[in-house]
Structures are given as structure tokens and as C-alpha cells.
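Next comes my_file21.cif, with mmCIF, C-alpha atoms.
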```
data_protein
#
loop_
_atom_site.label_atom_id
_atom_site.label_comp_id
_atom_site.auth_asym_id
_atom_site.auth_seq_id
_atom_site.Cartn_x
_atom_site.Cartn_y
_atom_site.Cartn_z
CA MET A 30 -44.80 -1.19 -4.37
CA SER A 31 -45.93 -3.77 -1.87
CA ALA A 32 -49.15 -2.06 -0.79
CA VAL A 33 -52.16 -1.54 -3.00
CA LEU A 34 -52.54 2.12 -3.91
CA GLU A 35 -55.92 3.82 -3.97
CA ALA A 36 -57.20 6.09 -6.73
CA PRO A 37 -55.83 8.35 -8.11
CA TYR A 38 -52.41 6.96 -7.16
CA ASP A 39 -53.09 3.54 -8.67
CA THR A 40 -52.76 5.21 -12.09
CA LEU A 41 -50.64 8.24 -11.13
CA VAL A 42 -47.60 6.27 -9.93
CA PRO A 43 -47.30 4.23 -13.16
CA ARG A 44 -47.86 7.41 -15.22
CA LEU A 45 -45.06 9.13 -13.30
CA ALA A 46 -42.73 6.16 -13.82
CA ALA A 47 -43.46 6.16 -17.55
CA LEU A 48 -42.94 9.92 -17.77
CA LEU A 49 -39.53 9.76 -16.11
CA GLU A 50 -38.35 6.50 -17.67
CA GLY A 51 -35.10 6.73 -19.61
CA ASP A 52 -34.22 10.28 -18.57
CA ARG A 53 -31.77 11.00 -15.76
CA ASP A 54 -31.86 14.82 -15.81
CA THR A 55 -32.92 15.72 -12.28
CA ILE A 56 -34.22 19.23 -13.00
CA ALA A 57 -36.23 18.10 -16.03
CA ASP A 58 -37.60 15.09 -14.13
CA LEU A 59 -38.60 17.16 -11.08
CA SER A 60 -40.21 19.75 -13.35
CA ASN A 61 -42.34 17.14 -15.08
CA ALA A 62 -43.14 15.41 -11.79
CA SER A 63 -44.43 18.64 -10.21
CA ALA A 64 -46.54 19.38 -13.30
CA LEU A 65 -48.01 15.88 -13.30
CA LEU A 66 -48.85 16.01 -9.57
CA MET A 67 -50.49 19.41 -9.91
CA ASP A 68 -52.54 18.21 -12.87
CA ALA A 69 -53.51 14.79 -11.48
CA LEU A 70 -54.42 15.63 -7.88
CA GLU A 71 -57.45 17.72 -6.97
CA GLY A 72 -57.45 20.56 -4.49
CA LEU A 73 -53.79 21.59 -4.63
CA ASN A 74 -52.30 25.06 -4.78
CA TRP A 75 -48.61 24.05 -4.76
CA ALA A 76 -46.60 20.97 -5.73
CA GLY A 77 -42.86 20.94 -5.95
CA PHE A 78 -39.45 20.25 -4.55
CA TYR A 79 -36.83 21.66 -2.23
CA LEU A 80 -33.30 20.34 -2.77
CA LEU A 81 -30.66 20.01 -0.07
CA ARG A 82 -27.66 22.24 -0.77
CA GLU A 83 -24.96 22.95 1.80
CA GLY A 84 -27.24 21.99 4.68
CA VAL A 85 -30.21 24.14 3.57
CA LEU A 86 -33.29 23.28 1.50
CA VAL A 87 -33.30 25.37 -1.69
CA LEU A 88 -36.33 25.87 -3.92
CA GLY A 89 -36.42 23.52 -6.89
CA PRO A 90 -38.92 22.92 -9.69
CA PHE A 91 -42.55 23.55 -8.70
CA GLN A 92 -46.06 24.46 -9.81
CA GLY A 93 -47.90 27.20 -7.93
CA LYS A 94 -47.32 30.69 -6.61
CA PRO A 95 -43.81 31.96 -5.88
CA ALA A 96 -42.32 30.26 -2.82
CA CYS A 97 -39.68 30.68 -0.14
CA ILE A 98 -36.24 30.22 -1.66
CA ARG A 99 -34.36 28.76 1.32
CA ILE A 100 -35.62 26.76 4.29
CA PRO A 101 -33.31 25.77 7.16
CA LEU A 102 -33.41 22.17 8.35
CA GLY A 103 -35.75 21.84 11.31
CA ARG A 104 -37.86 24.87 10.30
CA GLY A 105 -41.33 24.67 8.79
CA VAL A 106 -42.92 21.46 7.58
CA CYS A 107 -40.28 20.97 4.86
CA GLY A 108 -37.30 21.53 7.13
CA THR A 109 -38.78 19.36 9.87
CA ALA A 110 -39.55 16.46 7.49
CA ALA A 111 -36.03 16.74 6.07
CA GLU A 112 -34.39 16.82 9.50
CA ARG A 113 -36.44 13.86 10.79
CA GLY A 114 -36.19 11.92 7.54
CA GLU A 115 -39.89 11.10 7.63
CA THR A 116 -43.10 12.11 5.90
CA ILE A 117 -45.12 14.74 7.72
CA VAL A 118 -48.83 15.31 7.10
CA VAL A 119 -50.23 18.54 8.53
CA PRO A 120 -54.05 18.86 8.48
CA ASP A 121 -53.90 22.54 9.53
CA VAL A 122 -50.64 24.38 8.86
CA GLN A 123 -51.63 27.18 11.23
CA GLN A 124 -51.28 24.64 14.06
CA PHE A 125 -47.73 23.63 13.05
CA PRO A 126 -45.36 25.53 15.39
CA THR A 127 -42.69 26.56 12.86
CA HIS A 128 -44.86 26.74 9.73
CA ILE A 129 -43.50 29.06 7.05
CA ALA A 130 -46.31 30.81 5.17
CA CYS A 131 -45.09 31.15 1.58
CA ASP A 132 -48.67 31.15 0.24
CA GLY A 133 -51.24 32.42 2.73
CA ALA A 134 -53.90 30.32 0.99
CA SER A 135 -52.24 27.03 2.02
CA ARG A 136 -54.13 25.34 4.84
CA SER A 137 -52.80 21.76 4.76
CA GLU A 138 -49.52 20.23 3.65
CA ILE A 139 -47.68 16.97 3.14
CA VAL A 140 -43.90 16.70 2.81
CA VAL A 141 -42.02 13.54 1.79
CA PRO A 142 -38.21 13.29 2.09
CA LEU A 143 -36.27 12.24 -1.02
CA HIS A 144 -33.04 10.24 -0.84
CA ARG A 145 -30.08 9.54 -3.09
CA PRO A 146 -29.13 5.91 -3.83
CA ASP A 147 -26.63 6.00 -0.92
CA GLY A 148 -29.48 6.89 1.48
CA SER A 149 -28.44 10.50 2.06
CA LEU A 150 -31.05 13.23 1.92
CA ALA A 151 -31.50 14.82 -1.53
CA GLY A 152 -34.46 17.07 -0.71
CA VAL A 153 -38.21 16.93 -0.19
CA LEU A 154 -41.42 16.68 -2.16
CA ASP A 155 -43.80 19.35 -0.85
CA VAL A 156 -47.53 19.45 -1.66
CA ASP A 157 -49.95 22.09 -0.32
CA SER A 158 -53.70 22.58 -0.43
CA PRO A 159 -56.03 25.47 0.40
CA ARG A 160 -58.35 22.91 2.06
CA LEU A 161 -58.02 21.92 5.71
CA GLY A 162 -57.32 18.22 6.17
CA ARG A 163 -56.84 17.64 2.44
CA PHE A 164 -54.24 14.87 2.80
CA SER A 165 -55.24 11.35 3.91
CA SER A 166 -53.31 8.17 4.64
CA ALA A 167 -53.95 7.22 0.98
CA ASP A 168 -52.25 10.47 -0.08
CA ARG A 169 -49.35 9.69 2.22
CA MET A 170 -48.91 6.22 0.78
CA GLY A 171 -49.38 7.45 -2.80
CA LEU A 172 -46.98 10.39 -2.52
CA GLU A 173 -44.40 8.18 -0.82
CA ALA A 174 -44.72 5.80 -3.80
CA CYS A 175 -44.27 8.79 -6.14
CA ALA A 176 -41.18 9.80 -4.16
CA ARG A 177 -39.65 6.32 -4.62
CA VAL A 178 -40.18 6.63 -8.41
CA ILE A 179 -38.58 10.08 -8.41
CA GLU A 180 -35.63 8.91 -6.30
CA ALA A 181 -34.92 6.08 -8.74
CA ALA A 182 -35.30 8.29 -11.84
CA CYS A 183 -33.02 11.17 -10.84
CA ASP A 184 -29.23 11.15 -10.81
CA TRP A 185 -29.16 13.93 -8.14
CA ARG A 186 -25.98 15.51 -9.57
CA ILE A 187 -27.27 19.06 -9.78
#
```
Do you think you could lay out the structure here as C-alpha cells?
Amino acid sequence: MSAVLEAPYDTLVPRLAALLEGDRDTIADLSNASALLMDALEGLNWAGFYLLREGVLVLGPFQGKPACIRIPLGRGVCGTAAERGETIVVPDVQQFPTHIACDGASRSEIVVPLHRPDGSLAGVLDVDSPRLGRFSSADRMGLEACARVIEAACDWRI
């Protein structure tokens, strides 16, 4: 991490690294990561993962209400972030043209792509909040740092 992370990420990222250290089971690691994010960050109603399988994002481990099972690339915030290969922060999901409403309570969202060691897309980290404008540039930087920890910890053979 070259940039200085703001609270709560200054402690969350090292906690996540310690939690995942020494275990390469992708499903177990993603399960614990989603639980830690949900517990450590205020104002969330969903935190979890979609994994790329045969060109479609498929629901992975998460915390929150039941979610959409499959998301095509280019559709919704998750599919768009995956297709572009870049983090997307949406202050008001109702203003996002292809937003998919899995939980009607979600009002803002941030999605961070996850990559395998060879650089190919593995999936996305998806975090939602019932609050408009919940995610700041500090959240973006912090969740991107979390994503780098997750990428390094997982073997992605699932």
C-alpha cells in the first residue's frame, strides 16, 4: 500500500490480511472477508462477491439479504465494473442506467474488480448501503486495498 489509508481502513486492511493469511481456500476466504467488511464498516446492507464463470458474474459469498444470482457483464454496477475493469462508485443507484435492484433498500454502491495473478478478471467485490452517497474516495481507496489483499490470498481455483 503506497497511499496512507484513512480510518477505518487503516486497521481494517491489516485485520483482513491477518484473517486470510495462510489459507488459500477461495470460498472460505471470501466468506470471512464479506463478514469482516459487514462488521467493520458502518451503514452497509450488503457486502459480498460475484465470481466470473463462463462470461457471467455468479453470486459468491456475501452478507445481507438474498441477491441476484447471475449478472451479465456490462449490466448493473457489478457487470459494468467487471466489463470496464475499474472501480465504480455510485452515489445514487437509481441514477445508474442499468442498475439491478436486488435489495430495494440499497441507495448507493461501490464495486471493485478482482483479478487473478495473471491479471484476468476473477470477479468483483460489491458493497451496498441504504444511505445516499455513502461511499467516499477514502472508501474507494480502502476497498481497493482490501481487494488487493483478497486477490493475493485466494487461489481462484473454484
| field | d(CA of Ile98 (chain A), CA of Val85 (chain A)) in Å | value | 10.0 Å
| message | With only C-alpha atoms as the counted atoms, please give the residues lying no more than 9 Å from Cys175 (chain A), apart from itself and same-chain residues fewer than 2 positions off, as a ChimeraX atom specification. | response | /A:38,41-43,45-46,62,170-173,177-180
| field | Using only C-alpha atoms: which of A:Ala167, A:Ala69, A:Ile129, A:Leu80 has the shortest distance to Arg145 (chain A) | value |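 For Arg145 (chain A), the nearest of the given residues is A:Leu80.
Across the structure, CA of Ser135 (chain A) and CA of Val106 (chain A) are spaced 12.2 Å apart.
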Listed atoms of region 122-130 of chain A boxed axis-aligned with 8 Å per side, centre + edges as JSON:
```
{"center_x": -47.2, "center_y": 27.2, "center_z": 10.3, "size_x": 24.9, "size_y": 23.2, "size_z": 26.2}
```
| request: Report the distance between CA of Arg53 (chain A) and CA of Ser158 (chain A) in Å, rounded to one decimal place. | output: 29.2 Å
| Do you know which residues are at most 8 Å from Val140 (chain A) counting all atoms listed in the file, after dropping those on the same chain fewer than 4 positions away, and could you put them as a ChimeraX atom specification? | /A:106-107,110,116-118,153-156
| field | Explicit residues for the PyMOL selection byres ((chain A and resi 146) around 10) (as a VMD selection string) | value | chain A and resid 143 to 145 147 to 151 180 to 181 183 to 185
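With all atoms listed in the file as the basis for measurement, A:Gly152 is the residue among A:Glu71, A:Gly152, A:Ile56, A:Val33 that approaches Gly84 (chain A) most closely.
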| task | Run the PyMOL selection byres ((chain A and resi 159) around 12) against the file shown and list the residues it catches, as a PyMOL selection string. | result | chain A and resi 71-75+93+120-123+132-138+156-158+160-164
| Of the residues A:Pro90, A:Gly77, A:Gly105, A:Gly51, which is the one nearest to Ala130 (chain A), using all atoms listed in the file? |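 Distance minimum relative to Ala130 (chain A) lands on A:Gly105.
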